[in-house]
Amino acid sequence: MQMPERLLEGCQLGFAMCGSFCSAQKAFAAAQACVAEGAQLLPIVSEHFAGIRSRFGTPEQFLETLSMLGDGRLISTIADAEPIGPKHMTDALAVCPCTGNLLAKLACGITDNTVTMAVKSHLRGGKPVVLCVATNDGLSASAKNIGELLNRKHYFFVPFGQDSPDMKPNSLVSDFTQLPQTIAEALQCKQIQPLLLRGKTK
């Protein structure tokens, strides 16, 4: 009996990380899940992610983990991100986690750091960008930007919901465990459904 092909077999996956340091461990687990499903990872980090030390870990720890997942590859500068599109380096690009700040930049077409350049360059070829949201203002200031990107070609979202409606009523967080399936659907130009999750996200 032939074993089924892995979900992301052969996919060249850009995996971009920015801010939201509290979500870093969930993002690493999502990256590992994509690799387990056959993706070839190209890690991409924003300048803030690569340079800020927080209570959730050090840049050195984060970058070492990503470099291992990418077999030594790591993009951390605008100059290195610019060729992603022209050189066809990625089939899909996931931003995980995707902060409210990055949502605003993408909605407004701002290209001012490594991750925004990677997205812009990748989109040059009309390929899917998958956003894994983690932001405390998803139902307030960032809501209009989520709406804008939901209505734009080539953008897809990992299903999201409120993670703490009592303590943080405006906060939205994606279900990071659904990243591989969301990417697989996006490669077929489909938005995974349901997009809105019931109950608290974890």
# chains A, B, ... in the order shown; residues from 1 in each chain; ligands from 1
>>> closest_atom_pairs(of="range 112-159 of chain A", to="range 14-29 of chain A", cutoff="8 Å", atoms="only C-alpha atoms", output="CSV")
residue,atom,partner,partner_atom,distance
A:Val115,CA,A:Ala16,CA,6.2
A:Ala134,CA,A:Ser20,CA,6.9
A:Thr135,CA,A:Ser20,CA,7.6
>>> write_last_selection(atoms="N, CA, C and O atoms", output="PDB file, in the first residue's frame")
ATOM      1  N   VAL A 115      10.946  41.633   6.420  1.00  0.00           N
ATOM      2  CA  VAL A 115       9.729  40.843   6.189  1.00  0.00           C
ATOM      3  C   VAL A 115       8.830  41.504   5.149  1.00  0.00           C
ATOM      4  O   VAL A 115       8.304  40.825   4.254  1.00  0.00           O
ATOM      5  N   ALA A 134      -1.380  37.401  15.267  1.00  0.00           N
ATOM      6  CA  ALA A 134      -1.269  37.450  16.725  1.00  0.00           C
ATOM      7  C   ALA A 134      -1.156  38.926  17.108  1.00  0.00           C
ATOM      8  O   ALA A 134      -0.086  39.516  17.017  1.00  0.00           O
ATOM      9  N   THR A 135      -2.288  39.520  17.498  1.00  0.00           N
ATOM     10  CA  THR A 135      -2.274  40.953  17.811  1.00  0.00           C
ATOM     11  C   THR A 135      -3.342  41.294  18.834  1.00  0.00           C
ATOM     12  O   THR A 135      -4.469  40.788  18.775  1.00  0.00           O
TER      13      THR A 135
END
>>> residues_around(residues="range 178-185 of chain A", least_positions_apart="3", cutoff="8 Å", atoms="only C-alpha atoms", output="PyMOL selection string")
chain A and resi 7-8+30+33-34+37+92+94+130+132+156-159+175+188-192
>>> residues_around(residues="Gly138 in chain A", least_positions_apart="2", cutoff="9 Å", atoms="only C-alpha atoms", output="ChimeraX atom specification")
/A:100,133-136,140-146,162,170-173
>>> write_last_selection(atoms="C-alpha atoms", output="compact mmCIF listing (two decimals), in the first residue's frame")
# COMPACT_ATOMS: atom_id res chain seq x y z
CA GLY A 100 -0.79 44.31 14.07
CA VAL A 133 -2.25 36.65 13.15
CA ALA A 134 -1.27 37.45 16.73
CA THR A 135 -2.27 40.95 17.81
CA ASN A 136 -3.93 42.56 20.82
CA SER A 140 -9.96 47.45 17.16
CA ALA A 141 -7.20 49.33 15.30
CA SER A 142 -6.08 46.31 13.24
CA ALA A 143 -9.58 45.22 12.24
CA LYS A 144 -9.67 47.44 9.15
CA ASN A 145 -6.29 46.10 8.01
CA ILE A 146 -7.42 42.50 8.38
CA GLN A 162 -10.25 35.59 20.49
CA ASN A 170 -9.83 43.07 21.20
CA SER A 171 -7.13 40.41 20.90
CA LEU A 172 -7.05 37.93 18.01
CA VAL A 173 -4.72 34.94 17.64
>>> select_by_dssp(residues="chain A", states="strand (DSSP E)", output="count of residues only")
34
>>> residues_around(residues="Glu148 in chain A", least_positions_apart="5", cutoff="12 Å", atoms="only C-alpha atoms", output="CSV table (one decimal) with C-alpha atoms, in the first residue's frame")
chain,number,residue,atom,x,y,z
A,103,LEU,CA,-0.8,44.0,9.1
A,104,ALA,CA,-0.9,47.8,8.8
A,105,LYS,CA,2.2,47.9,6.7
A,106,LEU,CA,1.0,45.2,4.3
A,107,ALA,CA,-2.4,46.9,4.0
A,108,CYS,CA,-0.7,50.2,3.1
A,109,GLY,CA,1.9,48.7,0.8
A,142,SER,CA,-6.1,46.3,13.2
A,143,ALA,CA,-9.6,45.2,12.2
A,153,LYS,CA,-5.6,38.8,-4.0
A,155,TYR,CA,-3.5,36.8,0.9
A,156,PHE,CA,-4.7,34.0,3.0
>>> atom_distance(atom1="CA of Thr77 in chain A", atom2="CA of Gln61 in chain A")
18.3 Å
>>> closest_residue(among="A:Cys96, A:Glu5, A:Met167, A:Val129", to="Leu149 in chain A", atoms="only C-alpha atoms")
A:Val129
>>> atom_distance(atom1="CA of Pro128 in chain A", atom2="CA of Leu187 in chain A")
6.5 Å
>>> closest_residue(among="A:Gly70, A:Ser46, A:Thr99, A:Arg6", to="Thr111 in chain A", atoms="only C-alpha atoms")
A:Ser46
>>> residues_around(residues="Ala81 in chain A", least_positions_apart="3", cutoff="8 Å", atoms="only C-alpha atoms", output="PyMOL selection string")
chain A and resi 44+75-78+84+114-115+117-118+121
>>> select_by_dssp(residues="range 3-194 of chain A", states="alpha helix (DSSP H)", output="ChimeraX atom specification")
/A:24-36,47-51,59-69,78-81,100-108,114-123,143-150,179-186
>>> closest_residue(among="A:Ala31, A:Ala39, A:Met89, A:Leu196", to="Thr65 in chain A", atoms="only C-alpha atoms")
A:Ala31
>>> atom_distance(atom1="CA of Phe176 in chain A", atom2="CA of Gly72 in chain A")
23.6 Å
>>> closest_residue(among="A:Ser174, A:Asn101, A:Ser67, A:Asn113", to="Asp80 in chain A", atoms="only C-alpha atoms")
A:Asn113
>>> decode(residues="range 145-158 of chain A", atoms="N, CA and C atoms", output="mmCIF file, in the first residue's frame")
data_model
loop_
_atom_site.group_PDB
_atom_site.id
_atom_site.type_symbol
_atom_site.label_atom_id
_atom_site.label_comp_id
_atom_site.auth_asym_id
_atom_site.auth_seq_id
_atom_site.Cartn_x
_atom_site.Cartn_y
_atom_site.Cartn_z
ATOM 1 N N ASN A 145 -7.389 46.642 8.816
ATOM 2 C CA ASN A 145 -6.291 46.105 8.009
ATOM 3 C C ASN A 145 -6.499 44.628 7.693
ATOM 4 N N ILE A 146 -7.061 43.893 8.651
ATOM 5 C CA ILE A 146 -7.417 42.504 8.377
ATOM 6 C C ILE A 146 -8.460 42.461 7.262
ATOM 7 N N GLY A 147 -9.457 43.326 7.352
ATOM 8 C CA GLY A 147 -10.481 43.386 6.320
ATOM 9 C C GLY A 147 -9.920 43.730 4.955
ATOM 10 N N GLU A 148 -8.988 44.662 4.919
ATOM 11 C CA GLU A 148 -8.356 45.050 3.655
ATOM 12 C C GLU A 148 -7.614 43.874 3.034
ATOM 13 N N LEU A 149 -6.870 43.141 3.833
ATOM 14 C CA LEU A 149 -6.069 42.040 3.301
ATOM 15 C C LEU A 149 -6.932 40.824 2.962
ATOM 16 N N LEU A 150 -8.029 40.638 3.679
ATOM 17 C CA LEU A 150 -8.963 39.566 3.325
ATOM 18 C C LEU A 150 -9.554 39.785 1.935
ATOM 19 N N ASN A 151 -9.626 41.035 1.532
ATOM 20 C CA ASN A 151 -10.238 41.394 0.253
ATOM 21 C C ASN A 151 -9.209 41.569 -0.856
ATOM 22 N N ARG A 152 -7.953 41.204 -0.576
ATOM 23 C CA ARG A 152 -6.887 41.398 -1.557
ATOM 24 C C ARG A 152 -6.398 40.047 -2.079
ATOM 25 N N LYS A 153 -6.106 40.008 -3.371
ATOM 26 C CA LYS A 153 -5.633 38.764 -3.985
ATOM 27 C C LYS A 153 -4.337 38.283 -3.356
ATOM 28 N N HIS A 154 -4.201 36.974 -3.296
ATOM 29 C CA HIS A 154 -2.982 36.276 -2.892
ATOM 30 C C HIS A 154 -2.720 36.271 -1.390
ATOM 31 N N TYR A 155 -3.599 36.899 -0.589
ATOM 32 C CA TYR A 155 -3.453 36.837 0.861
ATOM 33 C C TYR A 155 -4.433 35.817 1.433
ATOM 34 N N PHE A 156 -3.937 35.002 2.365
ATOM 35 C CA PHE A 156 -4.749 33.981 3.020
ATOM 36 C C PHE A 156 -4.451 34.020 4.522
ATOM 37 N N PHE A 157 -5.436 33.652 5.321
ATOM 38 C CA PHE A 157 -5.292 33.725 6.779
ATOM 39 C C PHE A 157 -5.419 32.349 7.422
ATOM 40 N N VAL A 158 -4.557 32.088 8.394
ATOM 41 C CA VAL A 158 -4.735 30.937 9.272
ATOM 42 C C VAL A 158 -5.936 31.256 10.162
#
